[in-house]
$ cat structure_7.csv   # CSV, N, CA and C atoms
chain,number,residue,atom,x,y,z
A,1391,MET,N,-0.8,11.8,10.5
A,1391,MET,CA,-1.7,11.0,11.2
A,1391,MET,C,-1.0,9.6,11.4
A,1392,THR,N,-1.1,9.1,12.6
A,1392,THR,CA,-0.5,7.8,12.8
A,1392,THR,C,-1.4,6.7,12.2
A,1393,ALA,N,-0.9,5.6,11.9
A,1393,ALA,CA,-1.7,4.5,11.3
A,1393,ALA,C,-2.8,4.1,12.1
A,1394,ARG,N,-2.6,4.0,13.4
A,1394,ARG,CA,-3.7,3.6,14.3
A,1394,ARG,C,-4.8,4.6,14.3
A,1395,GLN,N,-4.6,5.9,14.2
A,1395,GLN,CA,-5.7,6.8,14.1
A,1395,GLN,C,-6.6,6.6,12.9
A,1396,ALA,N,-6.0,6.0,11.8
A,1396,ALA,CA,-6.8,5.8,10.6
A,1396,ALA,C,-7.5,4.4,10.6
A,1397,ASN,N,-6.8,3.4,11.3
A,1397,ASN,CA,-7.3,2.1,11.3
A,1397,ASN,C,-6.8,1.4,12.6
A,1398,ARG,N,-7.6,0.9,13.4
A,1398,ARG,CA,-7.1,0.4,14.7
A,1398,ARG,C,-6.3,-0.9,14.6
A,1399,ARG,N,-6.4,-1.5,13.4
A,1399,ARG,CA,-5.5,-2.7,13.1
A,1399,ARG,C,-4.1,-2.3,12.9
A,1400,PHE,N,-3.8,-1.1,12.6
A,1400,PHE,CA,-2.5,-0.6,12.3
A,1400,PHE,C,-1.7,-0.2,13.5
A,1401,PRO,N,-0.4,-0.3,13.6
A,1401,PRO,CA,0.3,0.1,14.7
A,1401,PRO,C,0.5,1.6,14.8
A,1402,ASP,N,0.8,2.2,16.0
A,1402,ASP,CA,1.0,3.6,16.2
A,1402,ASP,C,2.3,4.0,15.6
A,1403,LYS,N,3.3,3.1,15.4
A,1403,LYS,CA,4.6,3.4,15.0
A,1403,LYS,C,4.7,3.7,13.5
A,1404,LYS,N,3.6,3.6,12.8
A,1404,LYS,CA,3.6,3.9,11.3
A,1404,LYS,C,2.6,5.1,11.1
A,1405,TYR,N,2.8,5.6,9.9
A,1405,TYR,CA,1.9,6.7,9.4
A,1405,TYR,C,1.0,6.1,8.4
A,1406,VAL,N,0.1,6.9,7.8
A,1406,VAL,CA,-0.7,6.5,6.7
A,1406,VAL,C,-0.7,7.5,5.6
A,1407,VAL,N,-1.0,7.0,4.4
A,1407,VAL,CA,-1.3,7.8,3.3
A,1407,VAL,C,-2.7,7.5,2.8
A,1408,GLU,N,-3.5,8.5,2.4
A,1408,GLU,CA,-4.8,8.3,1.9
A,1408,GLU,C,-4.7,8.2,0.4
A,1409,THR,N,-5.2,7.0,-0.1
A,1409,THR,CA,-5.1,6.7,-1.5
A,1409,THR,C,-6.5,6.7,-2.1
A,1410,GLN,N,-7.0,7.9,-2.4
A,1410,GLN,CA,-8.2,8.0,-3.1
A,1410,GLN,C,-8.2,9.4,-3.8
A,1411,ARG,N,-9.0,9.6,-4.8
A,1411,ARG,CA,-9.1,10.9,-5.5
A,1411,ARG,C,-9.8,11.9,-4.6
A,1412,THR,N,-9.5,13.1,-4.8
A,1412,THR,CA,-10.1,14.2,-3.9
A,1412,THR,C,-11.5,14.5,-4.4
A,1413,ARG,N,-11.8,14.2,-5.6
A,1413,ARG,CA,-13.2,14.5,-6.1
A,1413,ARG,C,-14.1,13.3,-6.0
A,1414,GLY,N,-15.3,13.5,-5.8
A,1414,GLY,CA,-16.3,12.4,-5.8
A,1414,GLY,C,-16.9,12.2,-7.2
A,1415,GLY,N,-17.6,11.1,-7.4
A,1415,GLY,CA,-18.2,10.9,-8.6
A,1415,GLY,C,-18.8,9.5,-8.6
A,1416,THR,N,-19.7,9.2,-9.6
A,1416,THR,CA,-20.3,7.9,-9.8
A,1416,THR,C,-20.1,7.4,-11.2
A,1417,ASP,N,-19.6,6.1,-11.2
A,1417,ASP,CA,-19.4,5.5,-12.5
A,1417,ASP,C,-20.8,5.2,-13.1
A,1418,ARG,N,-21.0,5.7,-14.3
A,1418,ARG,CA,-22.4,5.5,-14.9
A,1418,ARG,C,-22.7,4.1,-15.2
A,1419,ARG,N,-21.7,3.2,-15.4
A,1419,ARG,CA,-22.0,1.8,-15.7
A,1419,ARG,C,-22.3,1.0,-14.5
A,1420,THR,N,-21.5,1.2,-13.4
A,1420,THR,CA,-21.6,0.4,-12.2
A,1420,THR,C,-22.4,1.1,-11.1
A,1421,GLN,N,-22.5,2.4,-11.2
A,1421,GLN,CA,-23.1,3.2,-10.1
A,1421,GLN,C,-22.2,3.2,-8.9
A,1422,GLY,N,-21.0,2.7,-8.9
A,1422,GLY,CA,-20.0,2.8,-7.8
A,1422,GLY,C,-19.3,4.1,-7.8
A,1423,SER,N,-18.7,4.3,-6.6
A,1423,SER,CA,-17.9,5.5,-6.4
A,1423,SER,C,-16.6,5.5,-7.3
A,1424,THR,N,-16.3,6.7,-7.9
A,1424,THR,CA,-15.1,6.8,-8.7
A,1424,THR,C,-13.9,7.3,-7.8
A,1425,ARG,N,-14.1,7.6,-6.6
A,1425,ARG,CA,-13.0,8.1,-5.7
A,1425,ARG,C,-11.9,7.1,-5.5
A,1426,PRO,N,-12.2,5.8,-5.1
A,1426,PRO,CA,-11.1,4.9,-4.8
A,1426,PRO,C,-10.3,4.5,-6.1
A,1427,TYR,N,-9.0,4.4,-5.9
A,1427,TYR,CA,-8.2,3.9,-7.0
A,1427,TYR,C,-8.3,2.4,-7.1
A,1428,ARG,N,-8.2,1.8,-8.3
A,1428,ARG,CA,-8.1,0.4,-8.5
A,1428,ARG,C,-6.7,0.0,-8.8
A,1429,PHE,N,-6.4,-1.3,-8.4
A,1429,PHE,CA,-5.1,-1.8,-8.8
A,1429,PHE,C,-4.9,-1.7,-10.3
A,1430,GLY,N,-3.7,-1.4,-10.7
A,1430,GLY,CA,-3.4,-1.3,-12.1
A,1430,GLY,C,-3.5,0.1,-12.7
A,1431,GLU,N,-4.0,1.1,-11.9
A,1431,GLU,CA,-4.1,2.5,-12.4
A,1431,GLU,C,-2.8,3.2,-12.3
A,1432,PHE,N,-1.9,2.8,-11.5
A,1432,PHE,CA,-0.5,3.3,-11.4
A,1432,PHE,C,0.4,2.3,-11.0
A,1433,ASP,N,1.7,2.4,-11.2
A,1433,ASP,CA,2.7,1.4,-10.9
A,1433,ASP,C,3.5,1.7,-9.6
A,1434,ILE,N,3.7,2.9,-9.3
A,1434,ILE,CA,4.5,3.3,-8.1
A,1434,ILE,C,3.7,4.4,-7.3
A,1435,LEU,N,3.7,4.2,-6.0
A,1435,LEU,CA,3.2,5.3,-5.2
A,1435,LEU,C,4.3,6.0,-4.5
A,1436,ALA,N,4.3,7.4,-4.7
A,1436,ALA,CA,5.3,8.2,-4.1
A,1436,ALA,C,4.5,9.1,-3.0
A,1437,VAL,N,5.1,9.1,-1.8
A,1437,VAL,CA,4.4,9.7,-0.7
A,1437,VAL,C,5.4,10.8,-0.2
A,1438,SER,N,4.9,12.1,-0.2
A,1438,SER,CA,5.7,13.1,0.5
A,1438,SER,C,5.6,13.0,2.0
A,1439,MET,N,6.8,13.0,2.6
A,1439,MET,CA,6.9,12.8,4.0
A,1439,MET,C,7.0,14.2,4.7
A,1440,PHE,N,6.6,15.2,4.0
A,1440,PHE,CA,6.7,16.6,4.6
A,1440,PHE,C,6.0,16.7,5.9
A,1441,PRO,N,4.7,16.2,6.0
A,1441,PRO,CA,4.0,16.3,7.3
A,1441,PRO,C,4.7,15.7,8.5
A,1442,SER,N,5.5,14.7,8.3
A,1442,SER,CA,6.1,14.0,9.4
A,1442,SER,C,7.6,14.4,9.5
A,1443,LYS,N,8.2,14.7,8.4
A,1443,LYS,CA,9.7,15.0,8.4
A,1443,LYS,C,10.0,16.5,8.3
A,1444,ASN,N,9.0,17.3,8.0
A,1444,ASN,CA,9.2,18.7,7.8
A,1444,ASN,C,10.2,19.0,6.7
A,1445,SER,N,10.2,18.2,5.7
A,1445,SER,CA,11.2,18.4,4.5
A,1445,SER,C,10.4,18.1,3.2
A,1446,TRP,N,10.4,19.0,2.3
A,1446,TRP,CA,9.7,18.8,1.1
A,1446,TRP,C,10.5,17.9,0.1
A,1447,SER,N,11.7,17.6,0.5
A,1447,SER,CA,12.5,16.7,-0.4
A,1447,SER,C,12.5,15.2,0.1
A,1448,SER,N,11.7,15.0,1.2
A,1448,SER,CA,11.6,13.6,1.7
A,1448,SER,C,10.4,12.9,1.2
A,1449,PHE,N,10.7,11.8,0.5
A,1449,PHE,CA,9.7,10.9,-0.1
A,1449,PHE,C,9.9,9.5,0.2
A,1450,LEU,N,8.9,8.7,0.3
A,1450,LEU,CA,9.0,7.2,0.3
A,1450,LEU,C,8.2,6.7,-0.9
A,1451,TYR,N,8.7,5.6,-1.4
A,1451,TYR,CA,8.1,4.9,-2.6
A,1451,TYR,C,7.8,3.5,-2.4
A,1452,THR,N,6.8,3.0,-3.0
A,1452,THR,CA,6.5,1.5,-3.0
A,1452,THR,C,5.8,1.1,-4.3
A,1453,VAL,N,5.8,-0.1,-4.5
A,1453,VAL,CA,5.1,-0.7,-5.7
A,1453,VAL,C,3.6,-0.7,-5.5
A,1454,ALA,N,2.9,-0.1,-6.4
A,1454,ALA,CA,1.4,0.0,-6.2
A,1454,ALA,C,0.7,-1.4,-6.0
A,1455,ASP,N,1.2,-2.4,-6.7
A,1455,ASP,CA,0.6,-3.7,-6.5
A,1455,ASP,C,0.8,-4.3,-5.2
A,1456,TRP,N,1.7,-3.8,-4.4
A,1456,TRP,CA,2.0,-4.3,-3.0
A,1456,TRP,C,1.0,-3.7,-2.0
A,1457,LEU,N,0.3,-2.6,-2.4
A,1457,LEU,CA,-0.6,-2.0,-1.4
A,1457,LEU,C,-1.7,-2.9,-1.0
A,1458,LEU,N,-2.3,-2.5,0.2
A,1458,LEU,CA,-3.4,-3.3,0.8
A,1458,LEU,C,-4.7,-3.2,0.0
A,1459,PRO,N,-5.4,-4.3,-0.3
A,1459,PRO,CA,-6.7,-4.2,-1.0
A,1459,PRO,C,-7.8,-3.8,0.0
A,1460,ASP,N,-8.9,-3.2,-0.5
A,1460,ASP,CA,-10.1,-2.9,0.2
A,1460,ASP,C,-10.8,-4.3,0.5
A,1461,PRO,N,-11.0,-4.6,1.7
A,1461,PRO,CA,-11.7,-5.9,2.0
A,1461,PRO,C,-13.1,-6.0,1.4
A,1462,ASN,N,-13.7,-4.9,1.1
A,1462,ASN,CA,-15.1,-4.9,0.5
A,1462,ASN,C,-15.0,-5.1,-1.0
A,1463,ASP,N,-13.9,-4.7,-1.6
A,1463,ASP,CA,-13.7,-4.8,-3.1
A,1463,ASP,C,-12.2,-5.0,-3.3
A,1464,PRO,N,-11.7,-6.2,-3.4
A,1464,PRO,CA,-10.3,-6.4,-3.6
A,1464,PRO,C,-9.6,-5.9,-4.8
A,1465,SER,N,-10.4,-5.4,-5.8
A,1465,SER,CA,-9.9,-4.7,-7.0
A,1465,SER,C,-9.5,-3.3,-6.7
A,1466,ARG,N,-9.9,-2.8,-5.5
A,1466,ARG,CA,-9.6,-1.4,-5.2
A,1466,ARG,C,-8.6,-1.3,-4.0
A,1467,LEU,N,-7.9,-0.2,-4.0
A,1467,LEU,CA,-6.9,0.0,-2.9
A,1467,LEU,C,-7.7,0.4,-1.6
A,1468,LEU,N,-7.2,-0.1,-0.5
A,1468,LEU,CA,-7.7,0.3,0.8
A,1468,LEU,C,-7.4,1.8,0.9
A,1469,LYS,N,-8.4,2.5,1.5
A,1469,LYS,CA,-8.3,4.0,1.5
A,1469,LYS,C,-7.1,4.5,2.3
A,1470,PHE,N,-6.7,3.9,3.4
A,1470,PHE,CA,-5.6,4.3,4.2
A,1470,PHE,C,-4.5,3.2,4.1
A,1471,GLN,N,-3.3,3.5,3.7
A,1471,GLN,CA,-2.2,2.6,3.6
A,1471,GLN,C,-1.2,2.9,4.6
A,1472,PRO,N,-0.7,1.9,5.4
A,1472,PRO,CA,0.3,2.2,6.4
A,1472,PRO,C,1.7,2.4,5.8
A,1473,ILE,N,2.4,3.4,6.3
A,1473,ILE,CA,3.8,3.7,5.8
A,1473,ILE,C,4.7,3.7,7.0
A,1474,SER,N,5.9,3.1,6.7
A,1474,SER,CA,6.9,3.0,7.7
A,1474,SER,C,7.5,4.4,7.8
A,1475,PRO,N,8.0,4.8,9.0
A,1475,PRO,CA,8.6,6.2,9.2
A,1475,PRO,C,9.9,6.3,8.5
A,1476,ALA,N,10.5,5.1,8.2
A,1476,ALA,CA,11.8,5.1,7.5
A,1476,ALA,C,11.8,4.0,6.5
A,1477,PRO,N,12.8,4.0,5.6
A,1477,PRO,CA,12.8,2.9,4.6
A,1477,PRO,C,12.9,1.5,5.2
A,1478,ASP,N,12.3,0.6,4.6
A,1478,ASP,CA,12.3,-0.8,5.0
A,1478,ASP,C,12.1,-1.7,3.8
A,1479,THR,N,11.6,-2.9,4.0
A,1479,THR,CA,11.5,-3.9,2.9
A,1479,THR,C,10.2,-3.6,2.0
A,1480,ASP,N,9.4,-2.7,2.5
A,1480,ASP,CA,8.2,-2.3,1.7
A,1480,ASP,C,8.2,-0.9,1.1
A,1481,TRP,N,9.0,0.0,1.8
A,1481,TRP,CA,9.1,1.4,1.4
A,1481,TRP,C,10.5,1.8,1.3
A,1482,THR,N,10.9,2.6,0.2
A,1482,THR,CA,12.2,3.0,0.0
A,1482,THR,C,12.2,4.5,-0.2
A,1483,ASP,N,13.3,5.2,0.1
A,1483,ASP,CA,13.5,6.6,-0.2
A,1483,ASP,C,14.3,6.8,-1.5
A,1484,ASP,N,14.5,5.7,-2.2
A,1484,ASP,CA,15.3,5.8,-3.4
A,1484,ASP,C,14.4,5.3,-4.6
A,1485,PHE,N,14.1,6.2,-5.5
A,1485,PHE,CA,13.1,5.9,-6.6
A,1485,PHE,C,13.7,4.8,-7.4
A,1486,GLU,N,15.0,4.8,-7.7
A,1486,GLU,CA,15.5,3.7,-8.5
A,1486,GLU,C,15.4,2.3,-7.9
A,1487,THR,N,15.5,2.3,-6.6
A,1487,THR,CA,15.2,1.0,-5.9
A,1487,THR,C,13.8,0.6,-6.1
A,1488,CYS,N,12.9,1.5,-6.0
A,1488,CYS,CA,11.5,1.1,-6.2
A,1488,CYS,C,11.2,0.6,-7.6
A,1489,VAL,N,11.9,1.3,-8.6
A,1489,VAL,CA,11.7,0.8,-10.0
A,1489,VAL,C,12.3,-0.6,-10.1
A,1490,THR,N,13.4,-0.9,-9.4
A,1490,THR,CA,14.0,-2.3,-9.5
A,1490,THR,C,13.0,-3.3,-8.9
A,1491,TRP,N,12.3,-2.9,-7.7
A,1491,TRP,CA,11.3,-3.7,-7.1
A,1491,TRP,C,10.2,-4.0,-8.1
A,1492,LEU,N,9.7,-2.9,-8.8
A,1492,LEU,CA,8.6,-3.1,-9.7
A,1492,LEU,C,9.0,-4.0,-10.9
A,1493,ARG,N,10.2,-3.8,-11.4
A,1493,ARG,CA,10.6,-4.6,-12.6
A,1493,ARG,C,10.9,-6.1,-12.2
A,1494,SER,N,11.1,-6.3,-10.9
A,1494,SER,CA,11.4,-7.7,-10.4
A,1494,SER,C,10.2,-8.6,-10.6
A,1495,GLY,N,9.0,-8.0,-10.5
A,1495,GLY,CA,7.8,-8.8,-10.6
A,1495,GLY,C,7.4,-9.4,-9.3
A,1496,LEU,N,8.1,-9.1,-8.2
A,1496,LEU,CA,7.8,-9.7,-6.9
A,1496,LEU,C,6.4,-9.5,-6.5
A,1497,LYS,N,5.7,-10.5,-6.1
A,1497,LYS,CA,4.3,-10.4,-5.6
A,1497,LYS,C,4.3,-10.5,-4.1
A,1498,LYS,N,3.8,-9.4,-3.5
A,1498,LYS,CA,3.7,-9.4,-2.0
A,1498,LYS,C,2.7,-8.3,-1.6
A,1499,THR,N,2.5,-8.1,-0.3
A,1499,THR,CA,1.6,-7.1,0.2
A,1499,THR,C,2.4,-6.4,1.3
A,1500,ILE,N,2.3,-5.1,1.4
A,1500,ILE,CA,3.0,-4.3,2.4
A,1500,ILE,C,2.5,-4.8,3.8
A,1501,SER,N,3.4,-4.7,4.7
A,1501,SER,CA,3.2,-5.2,6.1
A,1501,SER,C,2.4,-4.2,6.9
A,1502,ILE,N,1.4,-4.6,7.7
A,1502,ILE,CA,0.7,-3.7,8.6
A,1502,ILE,C,1.4,-3.6,9.9
A,1503,GLU,N,2.4,-4.4,10.1
A,1503,GLU,CA,3.2,-4.4,11.4
A,1503,GLU,C,4.3,-3.4,11.4
$ encode --input "structure_7.csv" --output "structure tokens"
Amino acid sequence: MTARQANRRFPDKKYVVETQRTRGGTDRRTQGSTRPYRFGEFDILAVSMFPSKNSWSSFLYTVADWLLPDPNDPSRLLKFQPISPAPDTDWTDDFETCVTWLRSGLKKTISIE
């Protein structure tokens, strides 16, 4: 799916990854949905690029804290995250590079452009 199909703010030249759990549920304490991930639940996001590259060995990685927040709840990840079709300053095809980014502590947000 192109990014624009998921969110009209995103460009057609990017893809998207859906970042939420496949099961539904309700948090007993807050009564909120348990489907969305919250920041801090994982460090690195690995995305299989098989649907667009037709290769099971093609992955892109980014630092989870760089992902876009949900505007309705900034503690949660936006459901659809834009992905570059090729490595760039936000996404890499090298896992070790992503670990270096994570360990650097750089604070940023992935680009929607």
$ select_by_dssp --input "structure_7.csv" --residues "chain A" --states "strand (DSSP E or B)" --output "VMD selection string"
chain A and resid 1392 1405 to 1408 1410 1416 1423 1426 1428 1434 to 1438 1449 to 1453 1459 to 1460 1463 to 1467 1470 to 1473 1482
$ residues_around --input "structure_7.csv" --residues "Ala1393 in chain A" --least-positions-apart "2" --cutoff "12 Å" --atoms "only C-alpha atoms" --output "VMD selection string"
chain A and resid 1391 1395 to 1408 1469 to 1475 1502 to 1503
$ residues_around --input "structure_7.csv" --residues "Pro1464 in chain A" --least-positions-apart "5" --cutoff "12 Å" --atoms "only C-alpha atoms" --output "list of chain:residue names"
A:Pro1426, A:Tyr1427, A:Arg1428, A:Phe1429, A:Asp1455, A:Leu1457, A:Leu1458, A:Pro1459, A:Lys1469
$ write_last_selection --input "structure_7.csv" --atoms "N, CA and C atoms" --output "compact mmCIF listing (two decimals), in the frame of the given file"
# COMPACT_ATOMS: atom_id res chain seq x y z
N PRO A 1426 -12.20 5.80 -5.10
CA PRO A 1426 -11.10 4.90 -4.80
C PRO A 1426 -10.30 4.50 -6.10
N TYR A 1427 -9.00 4.40 -5.90
CA TYR A 1427 -8.20 3.90 -7.00
C TYR A 1427 -8.30 2.40 -7.10
N ARG A 1428 -8.20 1.80 -8.30
CA ARG A 1428 -8.10 0.40 -8.50
C ARG A 1428 -6.70 0.00 -8.80
N PHE A 1429 -6.40 -1.30 -8.40
CA PHE A 1429 -5.10 -1.80 -8.80
C PHE A 1429 -4.90 -1.70 -10.30
N ASP A 1455 1.20 -2.40 -6.70
CA ASP A 1455 0.60 -3.70 -6.50
C ASP A 1455 0.80 -4.30 -5.20
N LEU A 1457 0.30 -2.60 -2.40
CA LEU A 1457 -0.60 -2.00 -1.40
C LEU A 1457 -1.70 -2.90 -1.00
N LEU A 1458 -2.30 -2.50 0.20
CA LEU A 1458 -3.40 -3.30 0.80
C LEU A 1458 -4.70 -3.20 0.00
N PRO A 1459 -5.40 -4.30 -0.30
CA PRO A 1459 -6.70 -4.20 -1.00
C PRO A 1459 -7.80 -3.80 0.00
N LYS A 1469 -8.40 2.50 1.50
CA LYS A 1469 -8.30 4.00 1.50
C LYS A 1469 -7.10 4.50 2.30
$ residues_around --input "structure_7.csv" --residues "range 1481-1496 of chain A" --least-positions-apart "4" --cutoff "5 Å" --atoms "only N, CA and C atoms" --output "list in words"
Phe1449, Leu1450, Tyr1451 and Pro1477 of chain A
$ closest_residue --input "structure_7.csv" --among "A:Gln1410, A:Thr1452, A:Asn1462, A:Ser1442" --to "Asp1480 in chain A" --atoms "only N, CA and C atoms"
A:Thr1452
$ atom_distance --input "structure_7.csv" --atom1 "atom C of Lys1498 in chain A" --atom2 "CA of Thr1392 in chain A"
21.8 Å
$ atom_distance --input "structure_7.csv" --atom1 "atom C of Arg1419 in chain A" --atom2 "atom C of Ser1465 in chain A"
15.6 Å
$ atom_distance --input "structure_7.csv" --atom1 "CA of Leu1468 in chain A" --atom2 "atom C of Thr1409 in chain A"
7.1 Å
$ build_atoms --input "structure_7.csv" --residues "range 1426-1436 of chain A" --atoms "all heavy atoms" --output "JSON list (two decimals), in the frame of the given file"
[["chain", "number", "residue", "atom", "x", "y", "z"],
["A", 1426, "PRO", "N", -12.20, 5.80, -5.10],
["A", 1426, "PRO", "CA", -11.10, 4.90, -4.80],
["A", 1426, "PRO", "C", -10.30, 4.50, -6.10],
["A", 1426, "PRO", "O", -10.89, 4.43, -7.20],
["A", 1426, "PRO", "CB", -11.82, 3.62, -4.33],
["A", 1426, "PRO", "CG", -13.23, 4.00, -4.08],
["A", 1426, "PRO", "CD", -13.51, 5.20, -4.92],
["A", 1427, "TYR", "N", -9.00, 4.40, -5.90],
["A", 1427, "TYR", "CA", -8.20, 3.90, -7.00],
["A", 1427, "TYR", "C", -8.30, 2.40, -7.10],
["A", 1427, "TYR", "O", -8.49, 1.68, -6.11],
["A", 1427, "TYR", "CB", -6.71, 4.23, -6.82],
["A", 1427, "TYR", "CG", -6.41, 5.67, -7.13],
["A", 1427, "TYR", "CD1", -6.19, 6.59, -6.12],
["A", 1427, "TYR", "CD2", -6.32, 6.12, -8.44],
["A", 1427, "TYR", "CE1", -5.90, 7.91, -6.39],
["A", 1427, "TYR", "CE2", -6.04, 7.44, -8.73],
["A", 1427, "TYR", "CZ", -5.83, 8.33, -7.70],
["A", 1427, "TYR", "OH", -5.55, 9.64, -7.99],
["A", 1428, "ARG", "N", -8.20, 1.80, -8.30],
["A", 1428, "ARG", "CA", -8.10, 0.40, -8.50],
["A", 1428, "ARG", "C", -6.70, 0.00, -8.80],
["A", 1428, "ARG", "O", -5.88, 0.75, -9.25],
["A", 1428, "ARG", "CB", -8.97, 0.03, -9.77],
["A", 1428, "ARG", "CG", -10.44, 0.28, -9.59],
["A", 1428, "ARG", "CD", -11.23, -0.23, -10.79],
["A", 1428, "ARG", "NE", -12.64, -0.05, -10.59],
["A", 1428, "ARG", "CZ", -13.42, -0.82, -9.84],
["A", 1428, "ARG", "NH1", -12.91, -1.86, -9.22],
["A", 1428, "ARG", "NH2", -14.70, -0.57, -9.71],
["A", 1429, "PHE", "N", -6.40, -1.30, -8.40],
["A", 1429, "PHE", "CA", -5.10, -1.80, -8.80],
["A", 1429, "PHE", "C", -4.90, -1.70, -10.30],
["A", 1429, "PHE", "O", -5.85, -1.97, -11.05],
["A", 1429, "PHE", "CB", -4.97, -3.27, -8.29],
["A", 1429, "PHE", "CG", -4.76, -3.38, -6.81],
["A", 1429, "PHE", "CD1", -5.81, -3.67, -5.95],
["A", 1429, "PHE", "CD2", -3.50, -3.18, -6.26],
["A", 1429, "PHE", "CE1", -5.62, -3.76, -4.58],
["A", 1429, "PHE", "CE2", -3.30, -3.26, -4.89],
["A", 1429, "PHE", "CZ", -4.35, -3.55, -4.05],
["A", 1430, "GLY", "N", -3.70, -1.40, -10.70],
["A", 1430, "GLY", "CA", -3.40, -1.30, -12.10],
["A", 1430, "GLY", "C", -3.50, 0.10, -12.70],
["A", 1430, "GLY", "O", -3.12, 0.40, -13.80],
["A", 1431, "GLU", "N", -4.00, 1.10, -11.90],
["A", 1431, "GLU", "CA", -4.10, 2.50, -12.40],
["A", 1431, "GLU", "C", -2.80, 3.20, -12.30],
["A", 1431, "GLU", "O", -2.68, 4.26, -12.93],
["A", 1431, "GLU", "CB", -5.25, 3.21, -11.60],
["A", 1431, "GLU", "CG", -6.63, 2.69, -11.96],
["A", 1431, "GLU", "CD", -7.76, 3.52, -11.39],
["A", 1431, "GLU", "OE1", -7.72, 3.88, -10.20],
["A", 1431, "GLU", "OE2", -8.69, 3.81, -12.16],
["A", 1432, "PHE", "N", -1.90, 2.80, -11.50],
["A", 1432, "PHE", "CA", -0.50, 3.30, -11.40],
["A", 1432, "PHE", "C", 0.40, 2.30, -11.00],
["A", 1432, "PHE", "O", 0.01, 1.25, -10.39],
["A", 1432, "PHE", "CB", -0.44, 4.61, -10.61],
["A", 1432, "PHE", "CG", -0.97, 4.49, -9.19],
["A", 1432, "PHE", "CD1", -0.14, 4.13, -8.15],
["A", 1432, "PHE", "CD2", -2.31, 4.74, -8.92],
["A", 1432, "PHE", "CE1", -0.62, 4.03, -6.86],
["A", 1432, "PHE", "CE2", -2.80, 4.63, -7.63],
["A", 1432, "PHE", "CZ", -1.96, 4.28, -6.60],
["A", 1433, "ASP", "N", 1.70, 2.40, -11.20],
["A", 1433, "ASP", "CA", 2.70, 1.40, -10.90],
["A", 1433, "ASP", "C", 3.50, 1.70, -9.60],
["A", 1433, "ASP", "O", 3.81, 0.73, -8.89],
["A", 1433, "ASP", "CB", 3.78, 1.35, -12.02],
["A", 1433, "ASP", "CG", 3.18, 0.88, -13.33],
["A", 1433, "ASP", "OD1", 2.30, 0.00, -13.30],
["A", 1433, "ASP", "OD2", 3.60, 1.39, -14.38],
["A", 1434, "ILE", "N", 3.70, 2.90, -9.30],
["A", 1434, "ILE", "CA", 4.50, 3.30, -8.10],
["A", 1434, "ILE", "C", 3.70, 4.40, -7.30],
["A", 1434, "ILE", "O", 3.20, 5.29, -7.92],
["A", 1434, "ILE", "CB", 5.91, 3.79, -8.49],
["A", 1434, "ILE", "CG1", 6.73, 2.62, -9.03],
["A", 1434, "ILE", "CG2", 6.61, 4.46, -7.31],
["A", 1434, "ILE", "CD1", 8.09, 3.02, -9.57],
["A", 1435, "LEU", "N", 3.70, 4.20, -6.00],
["A", 1435, "LEU", "CA", 3.20, 5.30, -5.20],
["A", 1435, "LEU", "C", 4.30, 6.00, -4.50],
["A", 1435, "LEU", "O", 5.16, 5.45, -3.85],
["A", 1435, "LEU", "CB", 2.26, 4.66, -4.08],
["A", 1435, "LEU", "CG", 1.63, 5.65, -3.09],
["A", 1435, "LEU", "CD1", 0.69, 6.61, -3.80],
["A", 1435, "LEU", "CD2", 0.91, 4.90, -1.98],
["A", 1436, "ALA", "N", 4.30, 7.40, -4.70],
["A", 1436, "ALA", "CA", 5.30, 8.20, -4.10],
["A", 1436, "ALA", "C", 4.50, 9.10, -3.00],
["A", 1436, "ALA", "O", 3.51, 9.65, -3.30],
["A", 1436, "ALA", "CB", 5.91, 9.18, -5.11]]
